[in-house]
Amino acid sequence: MKVLGAYFSRHWKLLVLLGGCLGICSAVFYLYGLPLESVGYAFVLCFALGLALFAAGYFQFLRRHRELKGLLVQIREKVLPLPPPKGLLEEDYQALLRALSSERAALALEDRNRIQDMTDYYTLWAHQIKTPIAAMRLLLQEEPRPELEGELLKIEQYVEMVLGYLRLGSDSTDYVFRDCDLDSLIRQSVRKYARLFILKKISLYFQATGKTVLTDGKWLSFVIEQLLSNAVKYTPEGGGRTHIRRWGDPGHRGQRHRYPAGGSAPGL
């Protein structure tokens with residue numbers, strides 16, 4: 001019904017013209033006193049011809065509507081397979097669509113190039129910054145300074161965050177899913193952040209899970225390290241305890257980070 005209404009709306013002027021012509025003819029025939037039977041016969045023939053033309057035009061309109069609607073599923077194609085234009089207006093509309101499609105493709109290419117340039121720049125920066133970080137770590141091994149070691153670990157963490165973000169936006173990912181020992185991943189992350197826990201005098205309690213999980217070990221380690229980093233960051237110096245336990249353990253109330261009574265640090 002919607003398509004039929006749209007077709008009527010498209011040709012309403014023609015329908016009004018035909019109705020007006022029929023009215024004028026009827027008035028003329030009546031004034032000249034022509035036989036009603038011959039007039040009615042002429043009207044029936046005209047109506048049959050008009051109905052046939054209307055039906056043919058409607059089905060053509062309906063087929064055109066379905067063709068254009070089918071193009072919606074191909075809207076992401078670089079070049080839309082538009083049907084042949086029928087009339088000057090359709091040629092103008094299709095020329096406008098092609099111009100818009102070309103402009104969109106040019107903008108998309110420009111955006112991809114800009115993102116690729118930015119990704120290349122930050123990737124190069126992240127790899128180059130590792131050289132002075134490694135040099136600083138060697139110097140700290142010769143002359144240990146716990147405070148500087150902690151700050152250097154934070155810098156390394158931020159560099160890893162940048163690399164992780166760049167990998168997430170990359171078209172090609174390096175995910176390697178396999179069975180991993182969850183406890184080994186947690187212990188590895190804890191050892192990495194042990195210096196920060198010691199510097200802030202924070203106790204860490206790790207309850208082994210005994211679980212093997214199907215995951216990408218590198219990315220899961222990254223997530224665990226972010227949790228530990230937040231635990232160190234938001235726990236007051238010497239005033240908190242960090243618990244690592246499996247969700248659903250007896251006595252667990254859904255909180256990853258606990259503080260002694262009277263603690264004011266935000267929980268995780």
# chains A, B, ... in the order shown; residues from 1 in each chain; ligands from 1
$ residues_around --residues "A:Lys130" --least-positions-apart "4" --cutoff "9 Å" --atoms "only C-alpha atoms" --output "list of chain:residue names"
A:Trp125, A:Ala126, A:Ala134, A:Ala135, A:Glu156, A:Val159
$ select_by_dssp --residues "stretch 76-257 of chain A" --states "strand (DSSP E or B)" --output "CSV table (one decimal) with C-alpha atoms, in the first residue's frame"
chain,number,residue,atom,x,y,z
A,177,PHE,CA,45.1,-18.3,21.6
A,178,ARG,CA,46.1,-21.3,23.5
A,179,ASP,CA,45.8,-22.9,26.9
A,180,CYS,CA,47.7,-20.9,29.5
A,181,ASP,CA,48.4,-21.5,33.2
A,203,SER,CA,51.3,-6.2,51.1
A,204,LEU,CA,50.1,-8.4,48.2
A,205,TYR,CA,48.3,-11.7,48.9
A,206,PHE,CA,48.0,-14.1,46.0
A,212,THR,CA,44.1,-23.2,32.9
A,213,VAL,CA,42.4,-20.7,30.5
A,214,LEU,CA,42.2,-20.4,26.8
A,215,THR,CA,43.5,-16.9,26.0
A,216,ASP,CA,46.3,-14.9,24.5
A,241,ARG,CA,46.6,-4.8,51.1
A,242,THR,CA,46.0,-6.2,47.6
A,243,HIS,CA,44.3,-9.5,47.2
A,244,ILE,CA,44.4,-11.6,44.0
A,257,HIS,CA,41.0,-4.7,46.1
$ select_by_dssp --residues "stretch 53-111 of chain A" --states "helix (DSSP H, G or I)" --output "VMD selection string"
chain A and resid 53 to 74 88 to 111
$ atom_distance --atom1 "atom CA of A:Pro84" --atom2 "atom CA of A:Leu68"
11.2 Å
$ closest_residue --among "A:Ile155, A:Leu15, A:Leu31, A:Val73" --to "A:Leu53" --atoms "only C-alpha atoms"
A:Leu15
$ residues_around --residues "stretch 56-64 of chain A" --least-positions-apart "2" --cutoff "10 Å" --atoms "only C-alpha atoms" --output "compact mmCIF listing (two decimals) with C-alpha atoms, in the first residue's frame"
# COMPACT_ATOMS: atom_id res chain seq x y z
CA VAL A 3 4.33 1.86 -2.75
CA LEU A 4 0.92 2.27 -4.38
CA ALA A 6 3.78 6.73 -3.52
CA TYR A 7 2.90 5.95 -7.16
CA PHE A 8 -0.37 7.84 -6.90
CA GLY A 50 -5.99 3.83 -18.81
CA LEU A 51 -6.09 0.97 -16.31
CA ALA A 52 -3.71 -1.12 -18.45
CA LEU A 53 -1.27 1.79 -18.75
CA PHE A 54 -1.58 2.49 -15.03
CA ARG A 66 12.99 -2.91 -5.35
CA GLU A 67 16.17 -2.43 -7.40
CA LEU A 68 17.06 0.75 -5.53
CA LYS A 69 16.19 -0.80 -2.17
CA GLY A 70 18.44 -3.76 -2.98
CA PRO A 83 20.40 0.73 -12.77
$ closest_residue --among "A:Tyr165, A:Tyr193, A:Tyr121, A:Tyr32" --to "A:Leu152" --atoms "only C-alpha atoms"
A:Tyr193
$ closest_residue --among "A:Leu182, A:Leu168, A:Ala231, A:Lys218" --to "A:Leu196" --atoms "only C-alpha atoms"
A:Ala231
